[in-house]
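K.L.:
After the structure tokens below, expect a handful of questions from me.
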Amino acid sequence: MAISSNSNFDALGPIAARGGFLDDFEAVGLAPNEVPSAIERDRPHFVARPGFYRKLLPLRLEGGRVFSGGRYLFASYAQAVDFRRWIEQEFRLDNRLFSERPWARDLTCDPFHVIGAHDFKDVHRSQTVVRAERWAFEGERGGALDSAWHALRERAEASGLASVWLFFSDERREAAVITVADRIGARDLESPDEVSLRALATRPTFAEEFARQPWARKTFDRTSWVFTLWFSPDHVPLHLWPNSPPLPGLMTS
């Protein structure tokens with residue numbers, strides 16, 4: 001399940017990452033304008049982890065509830081697995097593990113192999129909304145996912161997406177597709193970009209080759225604004241806030 005390697009952080013094309021990671025939680029007791037300072041404290045620790053390449057931090061507001069988490073790329077699968085061990089057992093702020101923070105509810109943390117990951121647009125200007133879809137599989141379906149990647153990538157490029165990633169876990173018999181889209185229309189500095197969010201959320205899945213198969217069952221589908229992007233310490237800038245304003249953000253470098 002190898003992908004082509006490209007060491008230039010800003011080049012378009014295949015992304016040099018073999019490890020993926022997804023985490024999700026509900027932020028309870030925090031208003032959206034309180035989330036940036038709560039999350040930003042983690043950034044210098046997270047980006048310093050071995051193999052860290054990129055994180056898209058999602059923000060989704062649903063009926064007064066706030067959902068966040070991370071869509072990560074790592075250099076290797078082993079580094080993604082070690083990141084789960086570190087965040088679940090070792091990393092503490094205010095003497096608390098992440099799962100012990102009073103505002104982090106229903107935290108899930110899962111590493112994946114990367115079957116493919118590709119940037120079609122400049123990562124600094126195009127990462128506006130992100131959709132994470134997850135499927136549980138029955139039987140041995142790794143080969144089907146490998147063959148699906150090429151069609152998935154071509155379909156995503158033809159549709160004008162900014163990025164697409166395809167993940168797979170042998171251990172959990174699970175796949176995930178991460179699609180990232182650019183803004184639709186002009187930017188409104190007064191209101192969150194609901195148009196771009198809804199456009200990506202309501203599109204049929206790009207993973208047609210396996211998503212409708214009887215051995216694939218969708219277990220998760222959430223589209224969010226990209227609240228922040230975190231990059232490895234070798235990247236300039238270190239982080240971006242693509243939806244701020246109007247979403248709250250910390251504009252420090």
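All residue names refer to the structure tokens as shown: chains lettered A, B, ... in order, residues numbered from 1 in each chain, ligands numbered from 1 in order.
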I'd like a table as a Markdown table: residues in range 118-193 of chain A with an atom no more than 12 Å from range 221-229 of chain A, each row giving the shortest atom pair and its distance in Å to one decimal, only C-alpha atoms counted, sorted by chain and rising residue number.
P.N.:
| residue | atom | partner | partner_atom | distance |
| --- | --- | --- | --- | --- |
| A:Val123 | CA | A:Leu229 | CA | 9.2 |
| A:His124 | CA | A:Leu229 | CA | 8.9 |
| A:Arg125 | CA | A:Leu229 | CA | 11.0 |
| A:Ser126 | CA | A:Val226 | CA | 10.1 |
| A:Gln127 | CA | A:Val226 | CA | 6.6 |
| A:Thr128 | CA | A:Val226 | CA | 5.4 |
| A:Val129 | CA | A:Trp225 | CA | 4.4 |
| A:Val130 | CA | A:Ser224 | CA | 5.5 |
| A:Arg131 | CA | A:Thr223 | CA | 4.1 |
| A:Ala132 | CA | A:Arg222 | CA | 5.5 |
| A:Glu133 | CA | A:Asp221 | CA | 4.4 |
| A:Arg134 | CA | A:Asp221 | CA | 6.6 |
| A:Trp135 | CA | A:Asp221 | CA | 9.2 |
| A:Ala176 | CA | A:Asp221 | CA | 9.6 |
| A:Val177 | CA | A:Asp221 | CA | 9.6 |
| A:Ile178 | CA | A:Thr223 | CA | 9.6 |
| A:Thr179 | CA | A:Thr223 | CA | 9.1 |
| A:Val180 | CA | A:Val226 | CA | 8.8 |
| A:Ala181 | CA | A:Val226 | CA | 9.7 |
| A:Asp182 | CA | A:Val226 | CA | 10.3 |
| A:Arg183 | CA | A:Trp225 | CA | 10.3 |
| A:Pro192 | CA | A:Trp225 | CA | 8.6 |
| A:Asp193 | CA | A:Trp225 | CA | 8.0 |
K.L.:
Selected residues, N, CA and C atoms, written as a PDB file, in the first residue's frame, please.
P.N.:
ATOM      1  N   VAL A 123      -2.183  24.022  -0.246  1.00  0.00           N
ATOM      2  CA  VAL A 123      -2.707  23.744   1.081  1.00  0.00           C
ATOM      3  C   VAL A 123      -2.921  25.010   1.900  1.00  0.00           C
ATOM      4  N   HIS A 124      -2.208  26.083   1.583  1.00  0.00           N
ATOM      5  CA  HIS A 124      -2.323  27.317   2.357  1.00  0.00           C
ATOM      6  C   HIS A 124      -3.585  28.103   2.031  1.00  0.00           C
ATOM      7  N   ARG A 125      -4.232  27.809   0.923  1.00  0.00           N
ATOM      8  CA  ARG A 125      -5.343  28.642   0.459  1.00  0.00           C
ATOM      9  C   ARG A 125      -6.638  27.864   0.204  1.00  0.00           C
ATOM     10  N   SER A 126      -6.623  26.558   0.359  1.00  0.00           N
ATOM     11  CA  SER A 126      -7.766  25.783  -0.149  1.00  0.00           C
ATOM     12  C   SER A 126      -8.438  24.903   0.903  1.00  0.00           C
ATOM     13  N   GLN A 127      -7.935  24.859   2.118  1.00  0.00           N
ATOM     14  CA  GLN A 127      -8.444  23.898   3.104  1.00  0.00           C
ATOM     15  C   GLN A 127      -9.556  24.538   3.930  1.00  0.00           C
ATOM     16  N   THR A 128     -10.750  24.615   3.359  1.00  0.00           N
ATOM     17  CA  THR A 128     -11.855  25.342   3.995  1.00  0.00           C
ATOM     18  C   THR A 128     -12.782  24.426   4.781  1.00  0.00           C
ATOM     19  N   VAL A 129     -13.197  23.309   4.185  1.00  0.00           N
ATOM     20  CA  VAL A 129     -14.082  22.357   4.865  1.00  0.00           C
ATOM     21  C   VAL A 129     -13.534  20.948   4.665  1.00  0.00           C
ATOM     22  N   VAL A 130     -13.784  20.076   5.647  1.00  0.00           N
ATOM     23  CA  VAL A 130     -13.260  18.712   5.594  1.00  0.00           C
ATOM     24  C   VAL A 130     -14.369  17.739   5.988  1.00  0.00           C
ATOM     25  N   ARG A 131     -14.425  16.638   5.250  1.00  0.00           N
ATOM     26  CA  ARG A 131     -15.409  15.586   5.514  1.00  0.00           C
ATOM     27  C   ARG A 131     -14.676  14.295   5.844  1.00  0.00           C
ATOM     28  N   ALA A 132     -15.086  13.640   6.921  1.00  0.00           N
ATOM     29  CA  ALA A 132     -14.527  12.347   7.309  1.00  0.00           C
ATOM     30  C   ALA A 132     -15.624  11.306   7.229  1.00  0.00           C
ATOM     31  N   GLU A 133     -15.392  10.261   6.421  1.00  0.00           N
ATOM     32  CA  GLU A 133     -16.323   9.136   6.296  1.00  0.00           C
ATOM     33  C   GLU A 133     -15.579   7.867   6.696  1.00  0.00           C
ATOM     34  N   ARG A 134     -16.265   7.013   7.463  1.00  0.00           N
ATOM     35  CA  ARG A 134     -15.651   5.769   7.915  1.00  0.00           C
ATOM     36  C   ARG A 134     -16.592   4.602   7.632  1.00  0.00           C
ATOM     37  N   TRP A 135     -15.997   3.462   7.216  1.00  0.00           N
ATOM     38  CA  TRP A 135     -16.749   2.241   6.921  1.00  0.00           C
ATOM     39  C   TRP A 135     -16.136   1.057   7.662  1.00  0.00           C
ATOM     40  N   ALA A 176     -11.363   4.710   5.839  1.00  0.00           N
ATOM     41  CA  ALA A 176     -11.818   6.090   6.011  1.00  0.00           C
ATOM     42  C   ALA A 176     -11.412   6.897   4.793  1.00  0.00           C
ATOM     43  N   VAL A 177     -12.286   7.794   4.383  1.00  0.00           N
ATOM     44  CA  VAL A 177     -11.994   8.730   3.301  1.00  0.00           C
ATOM     45  C   VAL A 177     -12.094  10.143   3.868  1.00  0.00           C
ATOM     46  N   ILE A 178     -11.039  10.909   3.678  1.00  0.00           N
ATOM     47  CA  ILE A 178     -11.009  12.311   4.092  1.00  0.00           C
ATOM     48  C   ILE A 178     -10.998  13.157   2.822  1.00  0.00           C
ATOM     49  N   THR A 179     -12.015  13.989   2.662  1.00  0.00           N
ATOM     50  CA  THR A 179     -12.071  14.892   1.518  1.00  0.00           C
ATOM     51  C   THR A 179     -12.049  16.330   2.025  1.00  0.00           C
ATOM     52  N   VAL A 180     -11.256  17.158   1.355  1.00  0.00           N
ATOM     53  CA  VAL A 180     -11.079  18.558   1.751  1.00  0.00           C
ATOM     54  C   VAL A 180     -11.459  19.425   0.558  1.00  0.00           C
ATOM     55  N   ALA A 181     -12.278  20.424   0.806  1.00  0.00           N
ATOM     56  CA  ALA A 181     -12.773  21.265  -0.278  1.00  0.00           C
ATOM     57  C   ALA A 181     -12.447  22.725  -0.029  1.00  0.00           C
ATOM     58  N   ASP A 182     -12.302  23.444  -1.121  1.00  0.00           N
ATOM     59  CA  ASP A 182     -12.057  24.880  -1.109  1.00  0.00           C
ATOM     60  C   ASP A 182     -13.375  25.612  -0.894  1.00  0.00           C
ATOM     61  N   ARG A 183     -13.285  26.896  -0.702  1.00  0.00           N
ATOM     62  CA  ARG A 183     -14.458  27.735  -0.506  1.00  0.00           C
ATOM     63  C   ARG A 183     -15.247  27.871  -1.802  1.00  0.00           C
ATOM     64  N   PRO A 192     -20.230  32.350   9.287  1.00  0.00           N
ATOM     65  CA  PRO A 192     -19.542  31.111   8.896  1.00  0.00           C
ATOM     66  C   PRO A 192     -19.983  30.637   7.517  1.00  0.00           C
ATOM     67  N   ASP A 193     -19.100  29.965   6.820  1.00  0.00           N
ATOM     68  CA  ASP A 193     -19.326  29.555   5.441  1.00  0.00           C
ATOM     69  C   ASP A 193     -20.203  28.306   5.395  1.00  0.00           C
TER      70      ASP A 193
END
K.L.:
Give me the residues within 8 Å of range 29-41 of chain A as a list in words, counting only C-alpha atoms and dropping any in the same chain fewer than 4 places off.
P.N.:
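Near neighbours after the sequence-gap exclusion: Val66, Trp103, Leu247, Pro248, Gly249 and Leu250 of chain A.
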K.L.:
For the atom pair CA of His118 in chain A and CA of Ala11 in chain A, what is the interatomic distance in Å to one decimal place?
P.N.:
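So the two atoms, CA of His118 in chain A and CA of Ala11 in chain A, lie 10.1 Å apart.
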K.L.:
Measure the distance from CA of Gly19 in chain A to CA of Val114 in chain A in Å and round it to one decimal.
P.N.:
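So the answer is 5.3 Å.
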K.L.:
Here is a test: counting only C-alpha atoms, which residue of A:Val164, A:Leu200, A:Leu12, A:Ala104 is nearest to Asp122 in chain A?
P.N.:
A:Leu12
K.L.:
Name the residues in contact with Thr108 in chain A at a cut-off of 7 Å, using only C-alpha atoms, excluding same-chain residues fewer than 3 positions from it; report them as a PyMOL selection string.
P.N.:
chain A and resi 23-25
K.L.:
Any idea what the distance is between CA of Asp106 in chain A and CA of Arg65 in chain A?
P.N.:
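Rounded to one decimal, the two atoms are 13.0 Å apart.
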K.L.:
Would you please give, as a ChimeraX atom specification, all residues of range 5-80 of chain A that DSSP assigns to strand (DSSP E) based on the backbone?
P.N.:
/A:13-14,19-27,52-62,65-74
K.L.:
Could those residues be written to a file, using N, CA and C atoms, as a compact mmCIF listing (two decimals), in the first residue's frame?
P.N.:
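Once written, result-v5.txt looks like this:
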# COMPACT_ATOMS: atom_id res chain seq x y z
N GLY A 13 0.40 17.20 -5.51
CA GLY A 13 0.64 15.82 -5.90
C GLY A 13 0.55 14.88 -4.72
N PRO A 14 1.11 13.65 -4.86
CA PRO A 14 1.07 12.68 -3.77
C PRO A 14 1.73 13.22 -2.51
N GLY A 19 1.13 7.05 7.39
CA GLY A 19 0.33 6.87 8.58
C GLY A 19 -0.76 7.92 8.67
N GLY A 20 -1.96 7.50 9.01
CA GLY A 20 -3.07 8.41 9.23
C GLY A 20 -3.61 8.25 10.63
N PHE A 21 -4.34 9.24 11.09
CA PHE A 21 -4.90 9.19 12.43
C PHE A 21 -6.15 10.05 12.46
N LEU A 22 -7.19 9.53 13.13
CA LEU A 22 -8.43 10.28 13.30
C LEU A 22 -8.79 10.30 14.78
N ASP A 23 -9.11 11.48 15.29
CA ASP A 23 -9.73 11.54 16.61
C ASP A 23 -10.91 12.49 16.55
N ASP A 24 -11.90 12.20 17.39
CA ASP A 24 -13.12 12.98 17.45
C ASP A 24 -13.59 13.06 18.88
N PHE A 25 -14.21 14.19 19.23
CA PHE A 25 -14.81 14.35 20.54
C PHE A 25 -15.83 15.47 20.47
N GLU A 26 -16.70 15.49 21.47
CA GLU A 26 -17.60 16.62 21.64
C GLU A 26 -17.02 17.54 22.71
N ALA A 27 -16.92 18.82 22.38
CA ALA A 27 -16.43 19.82 23.34
C ALA A 27 -17.63 20.33 24.14
N PHE A 52 5.14 13.60 12.66
CA PHE A 52 3.98 14.46 12.44
C PHE A 52 4.16 15.25 11.14
N TYR A 53 3.11 15.24 10.31
CA TYR A 53 3.18 15.91 9.01
C TYR A 53 2.16 17.03 8.90
N ARG A 54 0.89 16.72 9.22
CA ARG A 54 -0.17 17.72 9.07
C ARG A 54 -1.37 17.31 9.91
N LYS A 55 -2.06 18.30 10.45
CA LYS A 55 -3.34 18.07 11.12
C LYS A 55 -4.35 19.11 10.66
N LEU A 56 -5.53 18.64 10.27
CA LEU A 56 -6.68 19.51 10.06
C LEU A 56 -7.57 19.36 11.29
N LEU A 57 -7.83 20.46 11.96
CA LEU A 57 -8.65 20.44 13.16
C LEU A 57 -10.06 20.89 12.79
N PRO A 58 -11.03 19.97 12.85
CA PRO A 58 -12.38 20.30 12.41
C PRO A 58 -13.19 20.99 13.51
N LEU A 59 -14.17 21.77 13.11
CA LEU A 59 -15.14 22.36 14.03
C LEU A 59 -16.51 22.24 13.40
N ARG A 60 -17.43 21.61 14.14
CA ARG A 60 -18.80 21.44 13.66
C ARG A 60 -19.75 21.86 14.77
N LEU A 61 -20.70 22.72 14.44
CA LEU A 61 -21.71 23.18 15.38
C LEU A 61 -23.04 22.56 14.97
N GLU A 62 -23.68 21.85 15.90
CA GLU A 62 -24.94 21.18 15.62
C GLU A 62 -25.90 21.41 16.79
N ARG A 65 -24.39 22.12 20.06
CA ARG A 65 -23.28 21.23 20.43
C ARG A 65 -22.07 21.53 19.55
N VAL A 66 -20.87 21.35 20.11
CA VAL A 66 -19.62 21.65 19.42
C VAL A 66 -18.82 20.36 19.29
N PHE A 67 -18.45 20.00 18.06
CA PHE A 67 -17.66 18.80 17.81
C PHE A 67 -16.32 19.19 17.19
N SER A 68 -15.27 18.51 17.62
CA SER A 68 -13.94 18.79 17.08
C SER A 68 -13.15 17.49 17.04
N GLY A 69 -11.84 17.59 16.89
CA GLY A 69 -11.00 16.40 16.78
C GLY A 69 -9.78 16.68 15.92
N GLY A 70 -9.44 15.73 15.04
CA GLY A 70 -8.28 15.91 14.18
C GLY A 70 -8.27 14.93 13.03
N ARG A 71 -7.76 15.39 11.88
CA ARG A 71 -7.49 14.55 10.70
C ARG A 71 -5.99 14.71 10.43
N TYR A 72 -5.23 13.64 10.72
CA TYR A 72 -3.77 13.72 10.76
C TYR A 72 -3.12 12.89 9.66
N LEU A 73 -1.91 13.33 9.29
CA LEU A 73 -1.01 12.54 8.48
C LEU A 73 0.34 12.44 9.20
N PHE A 74 0.90 11.22 9.19
CA PHE A 74 2.22 10.96 9.77
C PHE A 74 3.11 10.30 8.72
K.L.:
Using only C-alpha atoms, which of A:Ser169, A:Ser191, A:Ser147, A:Ser99 sits nearest Pro245 in chain A?
P.N.:
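The shortest atom-to-atom distance to Pro245 in chain A comes from A:Ser191.
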K.L.:
For Ala78 in chain A, which residue out of A:Ala175, A:Val236, A:Ala17, A:Ala211 is the nearest one, using only C-alpha atoms?
P.N.:
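The shortest atom-to-atom distance to Ala78 in chain A comes from A:Ala17.
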K.L.:
Smallest atom-to-atom distance to Glu138 in chain A: which of A:Arg84, A:Arg43, A:Arg217, A:Arg198, using only C-alpha atoms?
P.N.:
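Among the listed residues, A:Arg217 lies closest to Glu138 in chain A.
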K.L.:
If you run DSSP on this backbone, which residues of range 11-241 of chain A come out as helix (DSSP H, G or I), and could you give them as a PyMOL selection string?
P.N.:
chain A and resi 32-40+43-47+77-89+98-100+123-126+142-158+194-201+208-211
K.L.:
So, with only C-alpha atoms as the atoms that count, which of A:Trp241, A:Phe231, A:Phe220, A:Phe83 lies closest to Pro50 in chain A?
P.N.:
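Answer, going by the shortest atom-to-atom distance: A:Phe83.
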